[in-house]
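S.K.: start-v4.csv is reproduced in full below (CSV, C-alpha atoms).
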chain,number,residue,atom,x,y,z
A,1,MET,CA,33.9,17.8,-1.1
A,2,LYS,CA,35.1,21.0,0.4
A,3,LYS,CA,38.6,19.5,0.8
A,4,VAL,CA,38.6,18.4,-2.9
A,5,LEU,CA,37.5,21.9,-4.0
A,6,LEU,CA,40.2,23.5,-1.8
A,7,ILE,CA,42.9,21.2,-3.2
A,8,SER,CA,41.8,21.9,-6.8
A,9,ILE,CA,41.9,25.7,-6.2
A,10,LEU,CA,45.4,25.4,-4.7
A,11,LEU,CA,46.6,23.4,-7.7
A,12,ILE,CA,45.1,25.9,-10.2
A,13,VAL,CA,46.9,28.7,-8.4
A,14,THR,CA,50.2,26.9,-7.7
A,15,VAL,CA,50.9,25.3,-11.1
A,16,PRO,CA,51.1,28.6,-13.1
A,17,VAL,CA,53.3,30.1,-10.5
A,18,MET,CA,55.7,27.1,-10.7
A,19,GLY,CA,55.7,27.4,-14.4
A,20,GLN,CA,56.6,31.1,-14.2
A,21,ARG,CA,59.4,30.4,-11.8
A,22,LYS,CA,60.9,27.8,-14.2
A,23,LYS,CA,60.8,30.2,-17.1
A,24,SER,CA,62.5,33.0,-15.1
A,25,LYS,CA,65.3,31.0,-13.7
A,26,PRO,CA,68.8,32.6,-14.0
A,27,LYS,CA,70.6,32.6,-17.3
A,28,ASN,CA,73.6,30.3,-17.3
A,29,SER,CA,76.7,30.6,-19.5
A,30,TYR,CA,77.0,26.9,-20.1
A,31,ALA,CA,73.4,26.7,-21.5
A,32,ARG,CA,72.5,26.2,-25.1
A,33,GLY,CA,72.1,29.5,-27.0
A,34,THR,CA,74.9,31.5,-25.1
A,35,LEU,CA,77.2,33.6,-27.3
A,36,ASN,CA,80.6,34.6,-25.9
A,37,PHE,CA,83.3,37.0,-27.2
A,38,TYR,CA,86.7,37.7,-25.6
A,39,TRP,CA,89.9,39.7,-26.2
A,40,GLY,CA,93.2,39.0,-24.4
A,41,TYR,CA,97.0,38.7,-24.5
A,42,ASN,CA,99.4,35.8,-24.4
A,43,ARG,CA,102.9,34.5,-23.7
A,44,GLU,CA,104.5,31.5,-25.5
A,45,ALA,CA,107.4,29.0,-25.2
A,46,TYR,CA,108.6,26.8,-28.1
A,47,THR,CA,110.4,23.5,-28.3
A,48,ARG,CA,113.7,23.3,-30.2
A,49,SER,CA,113.3,22.4,-33.9
A,50,ASP,CA,115.1,22.1,-37.2
A,51,LEU,CA,114.6,24.9,-39.6
A,52,GLN,CA,115.0,24.1,-43.3
A,53,LEU,CA,115.5,26.8,-45.9
A,54,ILE,CA,115.2,26.2,-49.6
A,55,GLY,CA,115.8,28.5,-52.5
A,56,SER,CA,117.7,29.1,-55.7
A,57,GLY,CA,121.2,27.7,-55.0
A,58,TYR,CA,120.7,26.5,-51.5
A,59,ASP,CA,118.9,23.9,-49.4
A,60,PHE,CA,120.1,23.7,-45.8
A,61,THR,CA,118.9,22.9,-42.3
A,62,ILE,CA,119.9,24.7,-39.1
A,63,ASN,CA,119.5,22.1,-36.4
A,64,LYS,CA,117.8,22.3,-33.0
A,65,ILE,CA,117.3,26.0,-33.0
A,66,GLN,CA,115.8,27.8,-30.1
A,67,ALA,CA,113.3,30.7,-30.4
A,68,ASN,CA,111.3,32.9,-28.1
A,69,ASP,CA,108.2,35.1,-28.1
A,70,ARG,CA,108.4,38.9,-27.9
A,71,PRO,CA,106.0,40.3,-25.3
A,72,GLU,CA,105.3,44.0,-25.5
A,73,PRO,CA,106.4,46.0,-22.4
A,74,PHE,CA,103.4,47.1,-20.3
A,75,SER,CA,102.4,50.5,-21.5
A,76,SER,CA,99.4,52.5,-23.0
A,77,THR,CA,99.8,50.3,-26.1
A,78,TYR,CA,97.5,47.8,-24.4
A,79,ILE,CA,94.6,50.2,-24.2
A,80,ASN,CA,95.3,52.4,-27.3
A,81,PRO,CA,92.7,51.3,-30.0
A,82,LYS,CA,95.2,52.1,-32.7
A,83,LYS,CA,97.9,49.9,-31.2
A,84,ILE,CA,96.2,47.0,-29.3
A,85,THR,CA,97.1,44.6,-32.1
A,86,VAL,CA,100.9,45.2,-31.6
A,87,PRO,CA,101.2,42.9,-28.6
A,88,GLN,CA,100.7,39.2,-28.7
A,89,PHE,CA,96.9,38.9,-28.6
A,90,ASN,CA,93.9,36.5,-28.7
A,91,ILE,CA,90.5,37.2,-30.1
A,92,ARG,CA,87.6,34.6,-30.1
A,93,ILE,CA,83.9,34.3,-30.6
A,94,GLY,CA,81.9,31.2,-29.6
A,95,TYR,CA,78.4,29.8,-29.3
A,96,ASN,CA,77.0,27.1,-27.1
A,97,PHE,CA,75.2,24.9,-29.7
A,98,TRP,CA,74.2,22.5,-26.9
A,99,ASN,CA,74.2,22.6,-23.1
A,100,ASN,CA,77.8,22.5,-21.9
A,101,TRP,CA,79.2,22.4,-25.5
A,102,ASN,CA,80.8,25.4,-27.2
A,103,LEU,CA,82.1,25.9,-30.7
A,104,SER,CA,84.3,28.9,-31.3
A,105,LEU,CA,86.5,30.6,-33.9
A,106,GLY,CA,89.5,32.6,-33.0
A,107,TYR,CA,92.8,34.2,-34.0
A,108,ASP,CA,95.9,33.7,-31.8
A,109,HIS,CA,98.6,36.3,-32.7
A,110,MET,CA,101.8,34.8,-31.5
A,111,LYS,CA,105.4,35.8,-32.2
A,112,TYR,CA,108.4,33.5,-33.0
A,113,ILE,CA,111.9,35.1,-32.8
A,114,LEU,CA,115.1,33.1,-33.5
A,115,SER,CA,117.3,33.5,-30.4
A,116,ASN,CA,120.5,35.4,-31.2
A,117,GLY,CA,123.9,34.1,-30.1
A,118,GLN,CA,123.0,30.4,-29.9
A,119,GLN,CA,125.4,27.7,-30.9
A,120,THR,CA,124.1,25.1,-33.3
A,121,SER,CA,125.0,23.2,-36.5
A,122,ILE,CA,124.1,23.1,-40.2
A,123,ASN,CA,123.5,20.4,-42.8
A,124,GLY,CA,123.0,20.9,-46.5
A,125,TYR,CA,124.3,22.9,-49.4
A,126,ILE,CA,124.8,26.6,-50.2
A,127,ALA,CA,126.2,27.5,-53.6
A,128,PRO,CA,129.4,29.7,-53.6
A,129,GLY,CA,128.6,33.4,-53.8
A,130,ILE,CA,125.3,33.4,-52.1
A,131,ASP,CA,126.5,34.0,-48.5
A,132,ASP,CA,129.8,35.4,-47.3
A,133,LEU,CA,130.2,32.9,-44.3
A,134,TRP,CA,128.3,29.8,-45.2
A,135,GLU,CA,128.9,27.9,-48.4
A,136,GLY,CA,129.5,24.5,-49.9
A,137,GLU,CA,128.5,21.1,-48.5
A,138,MET,CA,127.9,21.2,-44.8
A,139,ASN,CA,127.5,18.1,-42.6
A,140,GLY,CA,126.9,19.2,-39.0
A,141,GLN,CA,129.2,22.2,-39.3
A,142,PRO,CA,129.1,24.1,-36.0
A,143,VAL,CA,128.0,27.7,-36.2
A,144,THR,CA,126.9,30.6,-33.9
A,145,ILE,CA,123.9,32.5,-34.9
A,146,ASN,CA,124.6,36.2,-35.3
A,147,ASP,CA,121.5,38.2,-36.3
A,148,LYS,CA,123.6,40.6,-38.3
A,149,HIS,CA,124.5,37.7,-40.6
A,150,PHE,CA,121.4,35.4,-40.3
A,151,HIS,CA,118.1,36.0,-38.7
A,152,TYR,CA,114.6,34.4,-38.9
A,153,GLU,CA,111.4,35.5,-37.3
A,154,ASN,CA,107.6,35.8,-37.5
A,155,SER,CA,107.2,38.9,-35.4
A,156,ASP,CA,104.3,40.4,-37.3
A,157,GLY,CA,102.6,37.1,-36.7
A,158,LEU,CA,102.9,33.5,-36.2
A,159,ASN,CA,99.1,33.6,-36.5
A,160,TYR,CA,97.1,30.5,-35.5
A,161,ILE,CA,93.6,30.8,-36.9
A,162,ARG,CA,91.7,27.9,-35.3
A,163,LEU,CA,88.3,26.3,-34.7
A,164,GLN,CA,87.8,25.0,-31.1
A,165,LEU,CA,85.3,22.6,-29.6
A,166,SER,CA,85.0,23.1,-25.8
A,167,ARG,CA,83.3,21.5,-22.8
A,168,VAL,CA,82.0,24.2,-20.4
A,169,ASP,CA,81.1,23.3,-16.8
A,170,GLN,CA,79.8,25.6,-14.1
A,171,TRP,CA,81.0,24.7,-10.6
A,172,TYR,CA,79.6,27.6,-8.6
A,173,ARG,CA,77.1,30.4,-8.8
A,174,THR,CA,76.0,32.7,-6.0
A,175,ARG,CA,72.4,31.9,-5.1
A,176,ARG,CA,71.4,35.5,-4.5
A,177,ASN,CA,71.1,37.3,-7.9
A,178,GLY,CA,73.7,35.0,-9.5
A,179,TRP,CA,76.1,37.9,-9.7
A,180,PHE,CA,79.2,35.7,-9.6
A,181,ALA,CA,79.9,32.3,-11.2
A,182,PHE,CA,82.9,30.0,-11.8
A,183,ASN,CA,83.3,27.8,-14.9
A,184,THR,CA,86.0,25.5,-16.3
A,185,LEU,CA,86.6,24.9,-20.0
A,186,MET,CA,88.4,22.0,-21.8
A,187,GLY,CA,88.8,22.0,-25.5
A,188,VAL,CA,90.6,20.8,-28.7
A,189,SER,CA,91.5,22.9,-31.7
A,190,ALA,CA,92.8,22.7,-35.2
A,191,GLY,CA,93.4,25.4,-37.8
A,192,MET,CA,95.8,27.1,-40.2
A,193,ILE,CA,98.9,29.2,-39.7
A,194,LEU,CA,99.2,32.6,-41.4
A,195,SER,CA,102.9,33.8,-41.2
A,196,TYR,CA,104.4,37.2,-41.6
A,197,ASN,CA,108.1,36.3,-42.1
A,198,ASP,CA,111.3,38.3,-41.7
A,199,LEU,CA,114.5,36.7,-43.1
A,200,ASN,CA,118.1,38.0,-43.1
A,201,PHE,CA,120.3,35.7,-45.2
A,202,GLY,CA,122.8,36.1,-48.0
A,203,GLY,CA,123.1,39.8,-47.5
A,204,GLU,CA,119.4,40.4,-48.1
A,205,PHE,CA,116.9,41.3,-45.4
A,206,THR,CA,113.2,40.9,-46.4
A,207,ARG,CA,110.3,41.7,-44.1
A,208,ARG,CA,106.7,40.8,-43.7
A,209,THR,CA,106.5,38.1,-46.4
A,210,ILE,CA,103.0,36.7,-46.0
A,211,SER,CA,101.9,33.1,-46.5
A,212,ALA,CA,99.4,30.5,-45.4
A,213,SER,CA,102.3,28.4,-44.1
A,214,GLY,CA,100.8,25.3,-42.5
A,215,TYR,CA,98.5,24.0,-39.8
A,216,GLY,CA,98.3,23.4,-36.1
A,217,VAL,CA,96.5,21.1,-33.6
A,218,SER,CA,96.2,21.9,-29.9
A,219,GLY,CA,94.5,21.4,-26.5
A,220,HIS,CA,93.2,24.1,-24.2
A,221,ILE,CA,92.0,24.3,-20.6
A,222,GLY,CA,90.6,27.5,-19.0
A,223,LEU,CA,89.1,29.1,-15.9
A,224,ARG,CA,86.3,31.6,-16.3
A,225,PHE,CA,85.2,34.0,-13.6
A,226,GLU,CA,81.8,35.6,-14.4
A,227,PHE,CA,80.4,38.8,-13.0
A,228,TRP,CA,76.7,40.0,-13.3
A,229,ARG,CA,76.0,37.2,-15.8
A,230,HIS,CA,77.4,39.2,-18.8
A,231,LEU,CA,81.1,40.0,-18.1
A,232,PHE,CA,83.9,37.5,-17.5
A,233,LEU,CA,87.7,37.2,-16.9
A,234,GLN,CA,89.2,34.1,-18.4
A,235,THR,CA,92.7,32.5,-18.1
A,236,ASN,CA,93.7,29.8,-20.5
A,237,LEU,CA,96.6,27.3,-20.8
A,238,ALA,CA,97.3,25.9,-24.3
A,239,GLY,CA,99.7,23.4,-25.8
A,240,GLY,CA,100.0,22.0,-29.2
A,241,PHE,CA,101.9,21.2,-32.4
A,242,LEU,CA,102.5,23.6,-35.3
A,243,HIS,CA,103.7,22.3,-38.7
A,244,GLN,CA,104.8,25.0,-41.2
A,245,THR,CA,105.0,23.1,-44.4
A,246,ARG,CA,105.9,26.1,-46.6
A,247,VAL,CA,106.8,29.5,-45.2
A,248,ARG,CA,107.4,32.0,-47.9
A,249,THR,CA,110.7,33.8,-47.1
A,250,ARG,CA,111.1,36.1,-50.2
A,251,PRO,CA,108.3,38.0,-52.0
A,252,GLY,CA,107.7,37.0,-55.5
A,253,GLY,CA,109.9,33.9,-55.5
A,254,THR,CA,110.0,30.2,-54.6
A,255,ASP,CA,112.2,30.6,-51.6
A,256,HIS,CA,110.6,29.1,-48.5
A,257,ALA,CA,111.2,27.4,-45.2
A,258,LYS,CA,109.9,24.3,-43.4
A,259,GLN,CA,109.6,23.7,-39.7
A,260,LYS,CA,107.6,21.8,-37.1
A,261,PHE,CA,107.6,22.4,-33.3
A,262,GLY,CA,105.6,22.3,-30.2
A,263,TYR,CA,104.4,25.2,-28.0
A,264,ILE,CA,102.8,26.1,-24.8
A,265,ALA,CA,100.9,29.3,-24.2
A,266,SER,CA,99.3,31.2,-21.3
A,267,GLU,CA,96.4,33.6,-22.1
A,268,THR,CA,94.5,36.2,-20.1
A,269,ALA,CA,91.3,37.7,-21.5
A,270,ILE,CA,88.2,39.7,-20.7
A,271,GLY,CA,84.9,39.0,-22.4
A,272,VAL,CA,81.1,39.3,-22.6
A,273,LEU,CA,78.2,36.9,-22.7
A,274,PHE,CA,75.0,37.2,-24.6
A,275,TYR,CA,72.0,34.9,-24.1
A,276,ILE,CA,70.4,34.4,-27.5
A,277,ARG,CA,67.9,31.6,-26.8
A,278,PRO,CA,65.4,31.3,-23.9
A,279,THR,CA,66.8,29.6,-20.9
A,280,ASN,CA,63.8,27.5,-20.1
A,281,ASP,CA,64.9,24.8,-22.6
A,282,CYS,CA,67.9,24.0,-20.3
A,283,ASN,CA,66.2,21.0,-18.8
A,284,SER,CA,69.4,19.3,-17.8
A,285,CYS,CA,71.0,22.3,-16.2
A,286,PRO,CA,71.3,22.5,-12.4
A,287,HIS,CA,68.8,24.8,-10.6
A,288,TRP,CA,70.7,27.3,-8.5
Can you dump the structure from the file as structure tokens?

M.R.:
Amino acid sequence: MKKVLLISILLIVTVPVMGQRKKSKPKNSYARGTLNFYWGYNREAYTRSDLQLIGSGYDFTINKIQANDRPEPFSSTYINPKKITVPQFNIRIGYNFWNNWNLSLGYDHMKYILSNGQQTSINGYIAPGIDDLWEGEMNGQPVTINDKHFHYENSDGLNYIRLQLSRVDQWYRTRRNGWFAFNTLMGVSAGMILSYNDLNFGGEFTRRTISASGYGVSGHIGLRFEFWRHLFLQTNLAGGFLHQTRVRTRPGGTDHAKQKFGYIASETAIGVLFYIRPTNDCNSCPHW
């Protein structure tokens, strides 16, 4: 009887303590209810593509053009609140709607600059009097791009506004205080392209012509290094397909461009984590 009473007392004391330990287990960034936000910068590379330009009196395609990004030289611009949107940047906010699954919305500010001096060819038609070098029917006519004569870019933004679904997995967390953790992320995205176009053609140079120009689909992988449960450094590698179905090239008119190409991008970002929901509902999470 005394043994039964002693066991009963031990159970009464032990069970609440075990319950308290379960409720106070460390917060984990892959658990349901975690909110994350980050800001970072990027670099891009683009595949060759055909650029079609359509307007009053012309419809021509420049074949297999090459373009580059335009990274901002390292300077105080990157930490100046009034200028931090000048470089190629990424901003994203996400929420873990389920354990290991995150849904996020973000804005990738990329830049697309037609490479000067490249040799290519043209197909199509340009009516006489529109341009001083290119006119008439052209069937693979060889040309060299000179930006004083022809230039095309989205330097104020080839802006990819996308929704991303990601799988988040934690591979390591320090046992003592959980001050450091290492996560991987894999995701897919889709969204719209907002273009700010500059075009020099036919003796007319127009800048910052804005349009919702098309759509994109992409895949993303990332490494996240977390510190003190609330701060993180993240590096991402992305690749995808962008289809610009109608890029406005002149304000107030019907002139536009069409283009589709692939891209790869690298990103480095810093961010913060907020734990919105209690962590004791993470029944499937590992116990560190």

S.K.: Which is closer to A:Gly262 than all the others in A:Gln164, A:Asn28, A:Gln244, A:Asn200, using all atoms listed in the file?

M.R.: A:Gln244

S.K.: With only C-alpha atoms counted and 12 Å as the cut-off, give the residues of stretch 42-77 of chain A in contact with stretch 143-159 of chain A, each with its shortest interatomic distance in Å and the pair that gives it, as a tab-separated table.

M.R.:
residue	atom	partner	partner_atom	distance
A:Glu44	CA	A:Leu158	CA	11.0
A:Tyr46	CA	A:Leu158	CA	12.0
A:Leu51	CA	A:Tyr152	CA	9.5
A:Gln52	CA	A:Tyr152	CA	11.2
A:Leu53	CA	A:Tyr152	CA	10.4
A:Thr61	CA	A:Val143	CA	12.0
A:Ile62	CA	A:Val143	CA	9.1
A:Asn63	CA	A:Val143	CA	10.2
A:Lys64	CA	A:Val143	CA	12.0
A:Ile65	CA	A:Ile145	CA	9.5
A:Gln66	CA	A:Ile145	CA	10.5
A:Ala67	CA	A:Glu153	CA	8.6
A:Asn68	CA	A:Glu153	CA	9.6
A:Asp69	CA	A:Ser155	CA	8.3
A:Arg70	CA	A:Ser155	CA	7.6
A:Pro71	CA	A:Ser155	CA	10.3
A:Glu72	CA	A:Ser155	CA	11.3

S.K.: Point out the residue among A:Gly239, A:Tyr263, A:Gly129, A:Asp255 with the least atom-to-atom distance to A:Arg48, counting all atoms listed in the file.

M.R.: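 Nearest candidate to A:Arg48 out of A:Gly239, A:Tyr263, A:Gly129, A:Asp255: A:Tyr263.
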
S.K.: Give me, as CSV, each residue of stretch 57-147 of chain A that comes within 12 Å of stretch 170-177 of chain A, together with its shortest interatomic pair and the distance in Å at one decimal, counting only C-alpha atoms, with rows ordered by chain and rising residue number.

M.R.:
residue,atom,partner,partner_atom,distance
A:Asn99,CA,A:Gln170,CA,11.0
A:Asn100,CA,A:Gln170,CA,8.6
A:Trp101,CA,A:Gln170,CA,11.9

S.K.: Point out the residue among A:Gly202, A:Tyr41, A:Thr254, A:Arg229 with the least atom-to-atom distance to A:Leu133, counting all atoms listed in the file.

M.R.: A:Gly202

S.K.: Do you have the atom CA of A:Tyr30-atom CA of A:Ile161 distance handy?

M.R.: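 These atoms are spaced 23.9 Å apart.
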
S.K.: Nearest to A:Thr249: which of A:Glu267, A:Asp198, A:Glu204, A:Glu135 is it, counting all atoms listed in the file?

M.R.: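 Counting all atoms listed in the file, the residue closest to A:Thr249 is A:Asp198.
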